[in-house]
Amino acid sequence: MTDIALLLKDVDKFYGPIDYGVHAVKKLSMDVRKGEIIALLGSSGCGKTSTLRMIAGFEAVSRGRISLGGREIQTFPPVRRNVAMAFEGYSLYPPLTVRENIAFALKASKLSQSTVDEKVASIARLLEIEDILGRYPSSISGGQQQRASLGRALIRDASLHLLDEPMGQLEPQLRAVLRGRIKHYIKERGLTAILVTHDQTEANALADRIAVMEGGVLQQFDTPQRIKERPANLFTGTFVGEPPMNVFEASVNASESRLAFGLKEGIRLEYAASDFSHAVRDALRKRQRVVLGVRPYAVKRSADGVTGRVAVNQWLGDQTHIAADFAGGTLVLVEHDRARLEVGQPIGIRLEPASLHVFDGESGDAISHGEELA
Ligand SMILES: Nc1ncnc2c1ncn2[C@@H]1O[C@H](COP(=O)(O)OP(=O)(O)OP(=O)(O)O)[C@@H](O)[C@H]1O
């Protein structure tokens, strides 16, 4: 038996005529395993919601296939897909109370009234909406409606749960608490879920794997850790991670014993060839222009480093963010201790070979991460 719950194969979405309308999703292929939580992450307009709506059946698939539990479903109406949804705009039924709205999702399940009541009470407790179960949708806040709608989706025993920005209207503290509880609830029941979010903290906290999208194209589909450590391209490298990855255009100069990167303003980063694998040196030797990336947490200060000049020094209560003028741009460093640095003061900057990400100067595709090929 396969452990694949959902499969998307070369899925295209055009709004308007195929090949001429707005191309919102481009040749998207991905697989979701049973029991997995997937986050679709990307900026506004990248095609996340279109993807989710095609899976749910609210939008037609222009090209390609979608299979759920081994059945092709792209031509099925939403009710035949056995998918539970919490969508913005997929609103609660106004004539029903919150309790009735949530219980309505179990209507087809033939459960006894007492089991339904128990399930509703338990999900209401989880989402902290016990006190509004008797109210009507028109008399509760947007955040409460969102939680009621989430409850209505989570209570169902469906093949797939689709959650579109499910906590977008909640305060940060409540979001953080609910995130943990929802993850536990989904995992405990072995549910399969896809969550749309533009919030990377949410994606990192909830998802087993993240699908990063941009311009309708899937940029990378991997675990949060691998996306951080091995971004597939410059887009994921700079989109995922807070503060964002520092990037600098550079030329490459490779000899038998040395590997050097030339940055703007005559800055040269020199390394021993042995700091990188043969394969990386070979790959870099063929390039003239690359983009170097280094995460703010990985930048080190060192007396014998390359000089930068402090532009900003901010203590955030638990870490210091330093921005330095460096190689014609800005380099951000994060340190755990409070740094006693004045604006304008020179600092030595050391970029360890193990923390360098190198991207192709033209395509933006990753060439290497540390000493290994991408
Ligand atoms: N009904 C529609 N008609 C025409 N174009 C649309 C329609 N819905 C979405 N689009 C376009 O398709 C692209 C993808 O939109 P989509 O809503 O899927 O993105 P998103 O990543 O979910 O964005 P957001 O986070 O803002 O919801 C955008 O360019 C959007 O303008």
# chains A, B, ... in the order shown; residues from 1 in each chain; ligands from 1

call {"tool": "residues_near_ligand", "arguments": {"ligand": "ligand 1", "cutoff": "10 Å", "atoms": "only C-alpha atoms and all ligand atoms", "output": "ChimeraX atom specification"}}
result
/A:13-16,21-25,40-54,59,88,164-165,196-199,213-216

call {"tool": "select_by_dssp", "arguments": {"residues": "region 113-239 of chain A", "states": "helix (DSSP H, G or I)", "output": "number ranges by chain"}}
result
A: 113-127, 130-132, 137-139, 142-154, 172-189, 200-206, 224-229, 234-239

call {"tool": "atom_distance", "arguments": {"atom1": "CA of Ala211 (chain A)", "atom2": "CA of Ala39 (chain A)"}}
result
6.0 Å

call {"tool": "residues_around", "arguments": {"residues": "Pro137 (chain A)", "least_positions_apart": "4", "cutoff": "12 Å", "atoms": "only C-alpha atoms", "output": "list in words"}}
result
Ser91, Leu92, Tyr93, Pro94, Pro95, Leu96, Thr97, Val98, Arg99, Glu100, Asn101, Ile102, Ile132, Leu133, Ser141, Gly142, Gly143, Gln144, Gln145, Gln146, Arg147, Ala148 and Ser149 of chain A

call {"tool": "closest_residue", "arguments": {"among": "A:Ala354, A:Ala273, A:Leu8, A:Val247", "to": "Thr330 (chain A)", "atoms": "only C-alpha atoms"}}
result
A:Val247

call {"tool": "closest_residue", "arguments": {"among": "A:Glu118, A:Leu111, A:Trp315, A:Phe359", "to": "Arg338 (chain A)", "atoms": "only C-alpha atoms"}}
result
A:Trp315

call {"tool": "closest_residue", "arguments": {"among": "A:Gln113, A:Ser277, A:Gln173, A:Asn204", "to": "Ile227 (chain A)", "atoms": "only C-alpha atoms"}}
result
A:Asn204

call {"tool": "residues_around", "arguments": {"residues": "region 160-162 of chain A", "least_positions_apart": "5", "cutoff": "8 Å", "atoms": "only C-alpha atoms", "output": "ChimeraX atom specification"}}
result
/A:5,52,56,82-87,153-154,191-195

call {"tool": "write_last_selection", "arguments": {"atoms": "N, CA and C atoms", "output": "PDB file, in the first residue's frame"}}
result
ATOM      1  N   ALA A   5      -0.871  10.286   0.119  1.00  0.00           N
ATOM      2  CA  ALA A   5      -2.281  10.652   0.255  1.00  0.00           C
ATOM      3  C   ALA A   5      -2.721  11.466  -0.959  1.00  0.00           C
ATOM      4  N   LEU A  52      -4.760  25.475  -3.378  1.00  0.00           N
ATOM      5  CA  LEU A  52      -5.645  24.867  -2.393  1.00  0.00           C
ATOM      6  C   LEU A  52      -7.076  24.730  -2.936  1.00  0.00           C
ATOM      7  N   ALA A  56      -9.435  21.475  -3.431  1.00  0.00           N
ATOM      8  CA  ALA A  56     -10.763  21.394  -2.811  1.00  0.00           C
ATOM      9  C   ALA A  56     -11.870  21.209  -3.851  1.00  0.00           C
ATOM     10  N   ASN A  82     -14.170  14.246  -0.299  1.00  0.00           N
ATOM     11  CA  ASN A  82     -13.871  13.921   1.096  1.00  0.00           C
ATOM     12  C   ASN A  82     -12.726  14.766   1.663  1.00  0.00           C
ATOM     13  N   VAL A  83     -12.867  16.077   1.414  1.00  0.00           N
ATOM     14  CA  VAL A  83     -11.854  17.022   1.878  1.00  0.00           C
ATOM     15  C   VAL A  83     -12.527  17.988   2.851  1.00  0.00           C
ATOM     16  N   ALA A  84     -11.895  18.240   3.997  1.00  0.00           N
ATOM     17  CA  ALA A  84     -12.435  19.197   4.965  1.00  0.00           C
ATOM     18  C   ALA A  84     -11.690  20.516   4.820  1.00  0.00           C
ATOM     19  N   MET A  85     -12.436  21.610   4.884  1.00  0.00           N
ATOM     20  CA  MET A  85     -11.802  22.897   4.593  1.00  0.00           C
ATOM     21  C   MET A  85     -12.091  23.968   5.621  1.00  0.00           C
ATOM     22  N   ALA A  86     -11.085  24.787   5.891  1.00  0.00           N
ATOM     23  CA  ALA A  86     -11.301  26.029   6.623  1.00  0.00           C
ATOM     24  C   ALA A  86     -10.714  27.115   5.732  1.00  0.00           C
ATOM     25  N   PHE A  87     -11.605  27.831   5.064  1.00  0.00           N
ATOM     26  CA  PHE A  87     -11.200  28.842   4.080  1.00  0.00           C
ATOM     27  C   PHE A  87     -11.717  30.198   4.489  1.00  0.00           C
ATOM     28  N   ALA A 153     -13.821  22.296  10.394  1.00  0.00           N
ATOM     29  CA  ALA A 153     -12.978  21.494   9.492  1.00  0.00           C
ATOM     30  C   ALA A 153     -12.261  20.379  10.256  1.00  0.00           C
ATOM     31  N   LEU A 154     -11.691  20.732  11.411  1.00  0.00           N
ATOM     32  CA  LEU A 154     -10.867  19.749  12.136  1.00  0.00           C
ATOM     33  C   LEU A 154     -11.677  18.598  12.705  1.00  0.00           C
ATOM     34  N   LEU A 191      -4.144  12.715  10.805  1.00  0.00           N
ATOM     35  CA  LEU A 191      -4.779  13.414   9.689  1.00  0.00           C
ATOM     36  C   LEU A 191      -3.713  13.937   8.728  1.00  0.00           C
ATOM     37  N   THR A 192      -4.121  14.174   7.494  1.00  0.00           N
ATOM     38  CA  THR A 192      -3.225  14.764   6.496  1.00  0.00           C
ATOM     39  C   THR A 192      -3.729  16.185   6.247  1.00  0.00           C
ATOM     40  N   ALA A 193      -2.823  17.140   6.296  1.00  0.00           N
ATOM     41  CA  ALA A 193      -3.289  18.532   6.202  1.00  0.00           C
ATOM     42  C   ALA A 193      -2.373  19.388   5.343  1.00  0.00           C
ATOM     43  N   ILE A 194      -3.001  20.316   4.630  1.00  0.00           N
ATOM     44  CA  ILE A 194      -2.243  21.330   3.887  1.00  0.00           C
ATOM     45  C   ILE A 194      -2.710  22.689   4.386  1.00  0.00           C
ATOM     46  N   LEU A 195      -1.726  23.474   4.721  1.00  0.00           N
ATOM     47  CA  LEU A 195      -1.987  24.766   5.318  1.00  0.00           C
ATOM     48  C   LEU A 195      -1.403  25.839   4.410  1.00  0.00           C
TER      49      LEU A 195
END

call {"tool": "residues_around", "arguments": {"residues": "region 326-328 of chain A", "least_positions_apart": "3", "cutoff": "10 Å", "atoms": "only C-alpha atoms", "output": "short mmCIF file (atom, residue, chain, number, x, y, z; two decimals) with N, CA and C atoms, in the first residue's frame"}}
result
data_model
loop_
_atom_site.label_atom_id
_atom_site.label_comp_id
_atom_site.auth_asym_id
_atom_site.auth_seq_id
_atom_site.Cartn_x
_atom_site.Cartn_y
_atom_site.Cartn_z
N PHE A 248 25.58 38.86 -1.49
CA PHE A 248 26.54 39.75 -2.17
C PHE A 248 26.94 39.15 -3.50
N GLU A 249 26.93 39.98 -4.54
CA GLU A 249 27.46 39.53 -5.83
C GLU A 249 28.96 39.37 -5.70
N ALA A 250 29.51 38.38 -6.37
CA ALA A 250 30.95 38.14 -6.24
C ALA A 250 31.51 37.52 -7.51
N GLY A 262 35.72 37.81 -5.01
CA GLY A 262 35.91 39.26 -5.08
C GLY A 262 34.57 39.95 -4.97
N LEU A 263 34.41 40.77 -3.92
CA LEU A 263 33.15 41.50 -3.72
C LEU A 263 33.34 42.95 -4.13
N LYS A 264 32.27 43.72 -4.05
CA LYS A 264 32.38 45.14 -4.42
C LYS A 264 33.34 45.86 -3.47
N GLU A 265 33.80 47.05 -3.91
CA GLU A 265 34.70 47.89 -3.12
C GLU A 265 36.02 47.18 -2.84
N GLY A 266 36.41 46.26 -3.75
CA GLY A 266 37.72 45.62 -3.65
C GLY A 266 37.85 44.62 -2.52
N ILE A 267 36.72 44.22 -1.91
CA ILE A 267 36.82 43.25 -0.79
C ILE A 267 37.04 41.85 -1.33
N ARG A 268 38.02 41.17 -0.73
CA ARG A 268 38.35 39.81 -1.16
C ARG A 268 38.19 38.85 0.02
N VAL A 306 37.57 40.75 7.54
CA VAL A 306 37.48 41.84 6.56
C VAL A 306 36.70 42.99 7.21
N THR A 307 37.10 44.22 6.89
CA THR A 307 36.51 45.35 7.62
C THR A 307 35.13 45.74 7.10
N GLY A 308 34.23 45.94 8.06
CA GLY A 308 32.92 46.54 7.79
C GLY A 308 32.74 47.67 8.80
N ARG A 309 31.72 48.48 8.63
CA ARG A 309 31.54 49.61 9.54
C ARG A 309 30.12 49.57 10.11
N VAL A 310 30.01 49.69 11.42
CA VAL A 310 28.70 49.56 12.07
C VAL A 310 27.77 50.69 11.63
N ALA A 311 26.59 50.33 11.15
CA ALA A 311 25.59 51.32 10.76
C ALA A 311 24.45 51.36 11.79
N ALA A 323 23.85 45.95 11.94
CA ALA A 323 23.93 46.11 10.48
C ALA A 323 25.23 46.85 10.21
N LEU A 331 25.47 44.29 5.67
CA LEU A 331 25.57 42.93 6.20
C LEU A 331 24.95 42.93 7.59
N VAL A 332 24.02 42.02 7.82
CA VAL A 332 23.38 41.94 9.14
C VAL A 332 23.97 40.78 9.92
N ILE A 349 35.05 41.22 10.04
CA ILE A 349 33.98 40.26 9.75
C ILE A 349 34.57 38.99 9.17
#

call {"tool": "residues_around", "arguments": {"residues": "Phe76 (chain A)", "least_positions_apart": "3", "cutoff": "12 Å", "atoms": "only C-alpha atoms", "output": "PyMOL selection string"}}
result
chain A and resi 54-61+65-68+71-73+79-83

call {"tool": "closest_residue", "arguments": {"among": "A:Gly370, A:Arg181, A:Leu28, A:Asp360", "to": "Phe235 (chain A)", "atoms": "only C-alpha atoms"}}
result
A:Asp360

call {"tool": "closest_residue", "arguments": {"among": "A:Pro353, A:Pro346, A:Gly35, A:Gly329", "to": "Glu188 (chain A)", "atoms": "only C-alpha atoms"}}
result
A:Gly35

call {"tool": "residues_around", "arguments": {"residues": "Ile155 (chain A)", "least_positions_apart": "5", "cutoff": "10 Å", "atoms": "only C-alpha atoms", "output": "list in words"}}
result
Ala84, Ile102, Ala103, Phe104, Ala105, Leu106, Val116, Lys119, Val120, Ser122, Ile123, Ala124, Leu150 and Tyr185 of chain A

call {"tool": "write_last_selection", "arguments": {"atoms": "C-alpha atoms", "output": "PDB file, in the first residue's frame"}}
result
ATOM      1  CA  ALA A  84     -12.435  19.197   4.965  1.00  0.00           C
ATOM      2  CA  ILE A 102     -19.389  22.618  14.034  1.00  0.00           C
ATOM      3  CA  ALA A 103     -21.699  19.648  14.627  1.00  0.00           C
ATOM      4  CA  PHE A 104     -23.084  20.006  11.092  1.00  0.00           C
ATOM      5  CA  ALA A 105     -19.753  18.717   9.770  1.00  0.00           C
ATOM      6  CA  LEU A 106     -20.522  15.369  11.474  1.00  0.00           C
ATOM      7  CA  VAL A 116     -21.197  14.502  18.629  1.00  0.00           C
ATOM      8  CA  LYS A 119     -16.458  15.940  20.032  1.00  0.00           C
ATOM      9  CA  VAL A 120     -17.796  19.473  19.685  1.00  0.00           C
ATOM     10  CA  SER A 122     -13.472  18.901  22.938  1.00  0.00           C
ATOM     11  CA  ILE A 123     -12.690  20.868  19.773  1.00  0.00           C
ATOM     12  CA  ALA A 124     -14.241  24.002  21.305  1.00  0.00           C
ATOM     13  CA  LEU A 150     -11.377  25.790  11.881  1.00  0.00           C
ATOM     14  CA  TYR A 185      -4.518  17.246  17.358  1.00  0.00           C
TER      15      TYR A 185
END

call {"tool": "select_by_dssp", "arguments": {"residues": "region 62-278 of chain A", "states": "strand (DSSP E or B)", "output": "ChimeraX atom specification"}}
result
/A:63-68,71-72,83-86,160-164,193-197,209-214,217-222,233,246-254,258-262,268-272

call {"tool": "write_last_selection", "arguments": {"atoms": "C-alpha atoms", "output": "short mmCIF file (atom, residue, chain, number, x, y, z; two decimals), in the first residue's frame"}}
result
data_model
loop_
_atom_site.label_atom_id
_atom_site.label_comp_id
_atom_site.auth_asym_id
_atom_site.auth_seq_id
_atom_site.Cartn_x
_atom_site.Cartn_y
_atom_site.Cartn_z
CA ARG A 63 -4.13 21.15 -16.97
CA GLY A 64 -2.68 18.25 -15.04
CA ARG A 65 -3.93 15.70 -12.54
CA ILE A 66 -4.79 15.60 -8.86
CA SER A 67 -5.13 12.22 -7.10
CA LEU A 68 -6.39 11.74 -3.56
CA ARG A 71 -8.36 8.32 -7.18
CA GLU A 72 -8.14 11.09 -9.77
CA VAL A 83 -11.85 17.02 1.88
CA ALA A 84 -12.43 19.20 4.97
CA MET A 85 -11.80 22.90 4.59
CA ALA A 86 -11.30 26.03 6.62
CA LEU A 160 -7.45 15.64 3.63
CA HIS A 161 -7.75 18.85 5.62
CA LEU A 162 -7.16 22.13 3.81
CA LEU A 163 -6.58 25.19 5.95
CA ASP A 164 -6.20 28.60 4.29
CA ALA A 193 -3.29 18.53 6.20
CA ILE A 194 -2.24 21.33 3.89
CA LEU A 195 -1.99 24.77 5.32
CA VAL A 196 -1.63 27.99 3.36
CA THR A 197 0.33 30.73 5.05
CA ARG A 209 7.47 19.89 4.89
CA ILE A 210 7.14 23.32 3.37
CA ALA A 211 6.34 24.02 -0.28
CA VAL A 212 7.80 27.42 -1.08
CA MET A 213 6.05 29.08 -4.03
CA GLU A 214 6.81 32.20 -6.03
CA VAL A 217 6.21 28.06 -9.45
CA LEU A 218 7.16 25.60 -6.71
CA GLN A 219 10.64 26.73 -5.67
CA GLN A 220 11.43 24.06 -3.09
CA PHE A 221 9.55 21.34 -1.24
CA ASP A 222 11.40 20.08 1.79
CA ASN A 233 17.88 28.89 -4.94
CA ASN A 246 22.79 38.41 3.52
CA VAL A 247 23.65 38.27 -0.18
CA PHE A 248 26.54 39.75 -2.17
CA GLU A 249 27.46 39.53 -5.83
CA ALA A 250 30.95 38.14 -6.24
CA SER A 251 33.51 37.02 -8.77
CA VAL A 252 35.31 33.70 -8.29
CA ASN A 253 39.02 33.15 -8.45
CA ALA A 254 40.11 29.54 -7.96
CA ARG A 258 43.23 29.03 -2.86
CA LEU A 259 39.64 29.97 -3.50
CA ALA A 260 38.86 33.68 -3.46
CA PHE A 261 35.65 35.67 -3.88
CA GLY A 262 35.91 39.26 -5.08
CA ARG A 268 38.35 39.81 -1.16
CA LEU A 269 37.33 36.75 0.83
CA GLU A 270 40.19 34.26 0.73
CA TYR A 271 39.93 30.59 1.63
CA ALA A 272 42.17 27.57 1.44
#

call {"tool": "atom_distance", "arguments": {"atom1": "CA of Pro224 (chain A)", "atom2": "CA of Gly69 (chain A)"}}
result
25.3 Å

call {"tool": "closest_residue", "arguments": {"among": "A:Lys286, A:Pro231, A:Ile182, A:Ser29", "to": "Ala207 (chain A)", "atoms": "only C-alpha atoms"}}
result
A:Ile182

call {"tool": "atom_distance", "arguments": {"atom1": "CA of Val290 (chain A)", "atom2": "CA of Ile322 (chain A)"}}
result
25.0 Å
